[in-house]
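Undergrad: Quick one: the structure is below, questions incoming.
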Amino acid sequence: MSTKKTAGKKLIRSLDTTGFYTDYDRAGSLFAALIRSPAPAGKVLNISIPDLPADYVLYTAKDIPGDKILKIGDFESKIFGFDDISYAGEPLGILIGPDESVITELLEKVSIDLDVKNLESALHNVITNQNKQEEAENFTEVLEQINDMPSLDTVISESGIEENPNITLASREVKYGLYQNKSVAEADKELFNDKSLITSNTWKQSLESPKWKETEGAFAYMEGSNLHIYVPTKWTSLTQKLLSQVLSIKSENIYIHKTKVSGTYPTGLWRTSIIAAQAALAAYLSKKPIKLVLTQKEQDYYLKPGVQTQINYQSALDAQGHLSALKVLIDIDVGCGNPFVQEITDRITIAACNFYKPKNLYIHTNTHTSKNPPTTISLKVVDSQSFFAIENEIQKICNITQQLPDEVRLLNCQQDKKNKDQAFPFEIEAENFDKLLESVIKNADFNRKYASFHMEAIDRTEKDSKPFFALPLRGIGLASGYVVSGYKGSTAFPYDQKIEVTLNTDDKLVIHSPKPSEVIQEIWKKTATEILQIQKQNVIINSDFNIDELPENPEELNSSIGVMNELIKKCCQEIQKKRFHQALPITSKKSLPRSTKAKWDKENFTGDPFITKSTAATIVEVQLDTYTYSEKINGIWMAVDCGEIFDEAAAIRTIKLEIQQELGMLVKGKTVSCDSIKINFINSNNKSGQIGGLVHNTLPAAFASALSLALTKQVTELPCTESQLFQLIKDRTNNQQGENK
């Protein structure tokens, strides 16, 4: 083979995904574990392990031959912590060796020396704070505070004590109606008065990673001068660049083997690249195969999916159930850092009112740092917390007005005619929303059950009624939402999806793209065969790319049916026009036209923010055992509008799989069972849209609403716990007894 051909082959990388990284192994492999900071702040002076056996090695930031920091835009994250610590649990080094049990023992012996001079400073702060109190409290309390101080190994640095970790990274404010012409205080005074029905709630929802999934990690080894690494990355270009920069080796000497991501919602994205760099560093320096597998505890605490969000709603209603005002305050905690803060801020803000158009609207979103671990983003469900909050808020409004949930939703989807001269900030139309609600309500017999369960709940809460009895508590809830393909105002990703399609002389059609899910692959092939009239087996998806041409965006963006399938369709139509007028092969390249983003005013944050969207309405019927406080779902019904349906059976399988995975995230530490799942697609002329994420954007809110009806007490936070449910009933009982007295 010539040198030129060999060089060309070395520059090609496959983005195909095969197996799990834990499946791979080589002779002489060593185990690895991360050394983590025991303190939330401080300055690292030295890390050591006394009496370290000969076959075991500790690597830290000092051993990194290249860049010690990952940079994404203005965001920076250390490969291994050095100097000032960012958060408790920050990786400070990696320990490798042949015996996993010995590594576990050695982790207990790690000595982390922080700046000892700051012990005096920490002591000074305790005493100073004590002196500031109005009256001298007894000396025992001072001693308790001193005893609670960290040891010399974990003493918090003076800078860490004085530094405020709560720094605003991004914010967004939306004003509509009276809020545009008056101050917030003036508008509040006029809108939230005694003449209106007023409700106020704070909602929290977070993702819990299923315990059955493979934890994050990587397997790496050197083969001559080449690095091979098996890792569940969904952002290959970022991982490739980072490994090259950290190890100071050429990209052509790095071979990334993409492995499967277990679970519906990935927890890594950019953090997976950091883990890959940590494992690769150990393999590069030791010249041994290295397997780094995070423990379940590490996964649960340091790699939680999504961000912590708290959403407060204050709603004012007129007698008919119209939202005369909606005031939304959103607090987003991204931990010690996140490279996508503006994307997260914007998407959660936009989804805060779903399809609904209150007469007056004020939204203020504040995104800030904390001493929690860094966070990432799930492109499918970045706005799921907003749907959970607004749909539960709507359900509470239904309870107050005693109107049916579908009536209140349809009532508030239309813009107030009095405000016709002032466009609503977000042009998110609920096309076919009435059909969606009608379909799912009919299939679930929702209105009859809702009225029945509601009346039973009222009877149960009457005076002298006992809350604990043998019959299970029952409830039913409705929620709606959407998922999008492409946010036009993104600052994190350009969403400039593009595709290349080639028809060769042997009638083989090659689609050059990272491979999406099996379902979407089948849809792409079906689209191509129908236009070009070729056999399905002749359609090939080629995921091989030159290193210099790896897609810059995460591969997850290429999994969109709505955008990518439309581009494939246009490519095939162009080839079909040319194929009988010019010789094969014929190549067509398409990307999103600029006009696609024209309806969104990025500067003023108004208009149509999304390229395509799919919508869904979900109903959940739940029962709660009054002895064990264990939940059971009697039925789940979904109505979906995702435009043109290419393979209904495959779409149903996908949704049912997501439902089963979602059932493992509703209640902490267990999976809720369900007897029946029914899914219906409505006929629609809308553009094709993705279905992944519709379950997570609707099912949790429907579940919480159903549980609230069963308990006759609002569930404001998910995932829930059995002790939480017990406390809700206890609180409700205490309140009722107080009213009786």
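In the structure tokens, the first chain shown is A, the next is B, and so on; residue numbers restart at 1 for each chain, and ligands run from 1 in the order shown.
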Need to verify the contact set: segment 364-379 of chain A, 8 Å, only C-alpha atoms, exclusion of same-chain residues closer than 2 positions in sequence. Can you return it as a PyMOL selection string?
TA: chain A and resi 40+86-90+165-174+265-271+301-307+328-341+344-345+349+362+381-382+556-557
Undergrad: Calculated over only C-alpha atoms, which of the candidates A:Gly73, A:Gly693, A:Gly93, A:Gly486 has the smallest distance to Tyr59 of chain A?
TA: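 Closest to Tyr59 of chain A of all the choices is A:Gly93.
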Undergrad: Residues of segment 159-238 of chain A in alpha helix (DSSP H) according to DSSP, as an MDAnalysis selection string?
TA: chainID A and resid 159:162 178:181 184:191 236:238
Undergrad: Restricted to all heavy atoms, what would the selected residues look like written as a compact mmCIF listing (two decimals), in the first residue's frame?
TA:
```txt
# COMPACT_ATOMS: atom_id res chain seq x y z
N SER A 159 -10.27 32.45 50.32
CA SER A 159 -10.96 32.95 49.13
C SER A 159 -12.27 32.22 48.94
O SER A 159 -13.26 32.79 48.50
CB SER A 159 -10.07 32.76 47.89
OG SER A 159 -9.79 31.39 47.68
N GLY A 160 -12.29 30.93 49.27
CA GLY A 160 -13.51 30.16 49.14
C GLY A 160 -14.59 30.61 50.09
O GLY A 160 -15.77 30.57 49.77
N ILE A 161 -14.20 31.06 51.27
CA ILE A 161 -15.18 31.52 52.26
C ILE A 161 -15.79 32.84 51.82
O ILE A 161 -16.98 33.05 51.90
CB ILE A 161 -14.51 31.67 53.64
CG1 ILE A 161 -14.13 30.29 54.18
CG2 ILE A 161 -15.41 32.39 54.62
CD1 ILE A 161 -13.28 30.34 55.41
N GLU A 162 -14.94 33.72 51.33
CA GLU A 162 -15.41 35.06 51.01
C GLU A 162 -16.10 35.11 49.65
O GLU A 162 -16.92 35.97 49.39
CB GLU A 162 -14.24 36.04 51.04
CG GLU A 162 -13.65 36.20 52.44
CD GLU A 162 -12.43 37.07 52.46
OE1 GLU A 162 -11.97 37.44 51.36
OE2 GLU A 162 -11.94 37.40 53.54
N LEU A 178 -49.82 44.77 30.28
CA LEU A 178 -49.55 45.89 31.18
C LEU A 178 -48.09 45.98 31.57
O LEU A 178 -47.57 47.06 31.85
CB LEU A 178 -50.40 45.75 32.46
CG LEU A 178 -51.89 46.10 32.35
CD1 LEU A 178 -52.56 45.88 33.69
CD2 LEU A 178 -52.07 47.55 31.90
N TYR A 179 -47.41 44.83 31.58
CA TYR A 179 -46.00 44.82 32.01
C TYR A 179 -45.09 45.57 31.03
O TYR A 179 -43.98 45.96 31.39
CB TYR A 179 -45.51 43.39 32.16
CG TYR A 179 -46.07 42.70 33.37
CD1 TYR A 179 -47.07 41.75 33.25
CD2 TYR A 179 -45.61 43.00 34.65
CE1 TYR A 179 -47.60 41.11 34.37
CE2 TYR A 179 -46.12 42.37 35.78
CZ TYR A 179 -47.12 41.42 35.63
OH TYR A 179 -47.63 40.80 36.74
N GLN A 180 -45.58 45.79 29.79
CA GLN A 180 -44.75 46.51 28.83
C GLN A 180 -44.75 48.01 29.08
O GLN A 180 -43.79 48.71 28.76
CB GLN A 180 -45.23 46.23 27.39
CG GLN A 180 -44.71 44.92 26.82
CD GLN A 180 -44.91 44.86 25.32
OE1 GLN A 180 -45.94 45.26 24.81
NE2 GLN A 180 -43.92 44.34 24.60
N ASN A 181 -45.84 48.50 29.62
CA ASN A 181 -46.00 49.95 29.78
C ASN A 181 -45.86 50.43 31.21
O ASN A 181 -45.79 51.64 31.46
CB ASN A 181 -47.37 50.38 29.24
CG ASN A 181 -47.57 49.94 27.79
OD1 ASN A 181 -46.66 50.08 26.98
ND2 ASN A 181 -48.74 49.39 27.50
N VAL A 184 -43.09 46.56 37.03
CA VAL A 184 -43.60 45.26 37.49
C VAL A 184 -44.47 45.44 38.72
O VAL A 184 -45.55 44.84 38.84
CB VAL A 184 -42.42 44.30 37.79
CG1 VAL A 184 -42.94 42.99 38.38
CG2 VAL A 184 -41.62 44.03 36.53
N ALA A 185 -44.05 46.29 39.64
CA ALA A 185 -44.82 46.52 40.87
C ALA A 185 -46.18 47.14 40.56
O ALA A 185 -47.20 46.75 41.15
CB ALA A 185 -44.02 47.42 41.81
N GLU A 186 -46.21 48.11 39.65
CA GLU A 186 -47.48 48.77 39.29
C GLU A 186 -48.42 47.79 38.61
O GLU A 186 -49.62 47.75 38.90
CB GLU A 186 -47.20 49.96 38.38
CG GLU A 186 -46.53 51.14 39.07
CD GLU A 186 -46.12 52.23 38.09
OE1 GLU A 186 -45.91 51.91 36.89
OE2 GLU A 186 -46.01 53.38 38.53
N ALA A 187 -47.89 46.98 37.68
CA ALA A 187 -48.72 46.00 36.98
C ALA A 187 -49.24 44.95 37.96
O ALA A 187 -50.41 44.55 37.89
CB ALA A 187 -47.92 45.35 35.86
N ASP A 188 -48.37 44.51 38.87
CA ASP A 188 -48.79 43.52 39.87
C ASP A 188 -49.96 44.04 40.70
O ASP A 188 -50.93 43.32 40.96
CB ASP A 188 -47.63 43.17 40.80
CG ASP A 188 -46.62 42.23 40.16
OD1 ASP A 188 -46.92 41.70 39.08
OD2 ASP A 188 -45.54 42.04 40.74
N LYS A 189 -49.84 45.29 41.13
CA LYS A 189 -50.88 45.88 41.97
C LYS A 189 -52.22 45.94 41.26
O LYS A 189 -53.27 45.72 41.87
CB LYS A 189 -50.43 47.29 42.40
CG LYS A 189 -51.35 47.94 43.43
CD LYS A 189 -50.80 49.28 43.89
CE LYS A 189 -51.71 49.91 44.93
NZ LYS A 189 -51.18 51.24 45.37
N GLU A 190 -52.18 46.20 39.97
CA GLU A 190 -53.42 46.31 39.20
C GLU A 190 -54.00 44.94 38.84
O GLU A 190 -55.22 44.76 38.81
CB GLU A 190 -53.15 47.11 37.93
CG GLU A 190 -54.41 47.41 37.13
CD GLU A 190 -54.15 48.41 36.02
OE1 GLU A 190 -53.17 49.19 36.12
OE2 GLU A 190 -54.94 48.41 35.05
N LEU A 191 -53.13 43.97 38.59
CA LEU A 191 -53.59 42.67 38.09
C LEU A 191 -53.94 41.68 39.21
O LEU A 191 -54.90 40.93 39.10
CB LEU A 191 -52.52 42.05 37.19
CG LEU A 191 -52.23 42.79 35.90
CD1 LEU A 191 -50.98 42.24 35.22
CD2 LEU A 191 -53.43 42.70 34.96
N THR A 236 -18.43 13.77 19.00
CA THR A 236 -17.13 13.22 18.63
C THR A 236 -16.11 14.29 18.33
O THR A 236 -14.94 14.17 18.72
CB THR A 236 -17.28 12.29 17.41
OG1 THR A 236 -18.30 11.32 17.70
CG2 THR A 236 -15.98 11.57 17.11
N SER A 237 -16.51 15.34 17.63
CA SER A 237 -15.55 16.38 17.25
C SER A 237 -14.95 17.04 18.49
O SER A 237 -13.74 17.32 18.53
CB SER A 237 -16.22 17.43 16.35
OG SER A 237 -17.27 18.09 17.04
N LEU A 238 -15.77 17.29 19.51
CA LEU A 238 -15.26 17.89 20.75
C LEU A 238 -14.29 16.94 21.44
O LEU A 238 -13.21 17.35 21.88
CB LEU A 238 -16.42 18.23 21.69
CG LEU A 238 -16.01 18.79 23.06
CD1 LEU A 238 -15.40 20.18 22.91
CD2 LEU A 238 -17.19 18.82 24.01
```
Undergrad: If we count only C-alpha atoms, what is near Ile691 of chain A at a cut-off of 10 Å, once residues fewer than 6 positions away on the same chain are taken out, given as a PyMOL selection string?
TA: chain A and resi 380+482-484+560-562+613-616+640-642+651-652+654-655+658
Undergrad: Just checking: using only C-alpha atoms, which residue out of A:Thr606, A:Gln576, A:Ser251, A:Gln422 ends up closest to Asp346 of chain A?
TA: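 Of the candidates, the smallest distance to Asp346 of chain A is held by A:Thr606.
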Undergrad: Just the residues within 10 Å of Ser452 of chain A, please, counting only C-alpha atoms, with nothing from its chain fewer than 5 positions along; format it as a list in words.
TA: Phe446, Asn447, Ala457, Arg474, Gly475 and Ile476 of chain A
Undergrad: Would you mind telling me which residue in A:Ser386, A:Leu361, A:Leu532, A:Arg347 lies nearest to Phe580 of chain A when using only C-alpha atoms?
TA: A:Leu532
Undergrad: List the spatial neighbours of Trp203 of chain A as a list in words - criterion: any atom at most 9 Å away, only C-alpha atoms, same-chain residues fewer than 4 positions off excluded.
TA: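 Once the adjacent positions are removed, what remains is Thr309, Gln310, Ile311, Asn312, Tyr313, Gln385, Ser386, Phe388, Ala389, Ile390, Asn392, Glu393, Val715, Thr716, Glu717 and Leu718 of chain A.
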Undergrad: Can you pull out every residue from segment 552-670 of chain A that DSSP, working from the backbone, puts in strand (DSSP E or B), and format the result as a VMD selection string?
TA: chain A and resid 586 to 591 600 to 601 606 to 607 610 to 624 631 to 641 667 670
Undergrad: Could you name the residues that touch Asp113 of chain A at 7 Å or less, counting only C-alpha atoms, but leaving out those on the same chain fewer than 4 positions away, as JSON, numbers by chain?
TA: {"A": [44, 45, 46, 47, 153]}
Undergrad: Go ahead and dump the residues you just picked, C-alpha atoms, as an mmCIF file, in the first residue's frame.
TA:
```
data_model
loop_
_atom_site.group_PDB
_atom_site.id
_atom_site.type_symbol
_atom_site.label_atom_id
_atom_site.label_comp_id
_atom_site.auth_asym_id
_atom_site.auth_seq_id
_atom_site.Cartn_x
_atom_site.Cartn_y
_atom_site.Cartn_z
ATOM 1 C CA VAL A 44 -4.632 22.228 46.235
ATOM 2 C CA LEU A 45 -0.993 22.001 47.323
ATOM 3 C CA ASN A 46 -0.263 18.301 46.962
ATOM 4 C CA ILE A 47 -1.948 14.933 46.436
ATOM 5 C CA ASP A 153 -6.822 18.109 54.605
#
```
Undergrad: Mind giving me the straight-line distance from atom CA of Ser37 of chain A to atom CA of Val110 of chain A in Å, one decimal?
TA: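 One can read the atom CA of Ser37 of chain A to atom CA of Val110 of chain A distance as 10.3 Å.
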Undergrad: Just want the 12 Å neighbourhood of Thr671 of chain A, counted on only C-alpha atoms, with same-chain residues fewer than 2 positions away dropped. Output as a list in words.
TA: Glu208, Ser209, Pro210, Lys211, Trp212, Ser630, Glu631, Lys632, Ile633, Ile659, Gln660, Gln661, Glu662, Leu663, Gly664, Met665, Leu666, Val667, Lys668, Gly669, Ser673, Cys674, Pro719, Cys720 and Thr721 of chain A
Undergrad: Which is closer to Glu648 of chain A than all the others in A:Phe387, A:Phe681, A:Phe493, A:Tyr176, using only C-alpha atoms?
TA: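 Between A:Phe387, A:Phe681, A:Phe493, A:Tyr176, the residue approaching Glu648 of chain A most closely is A:Phe681.
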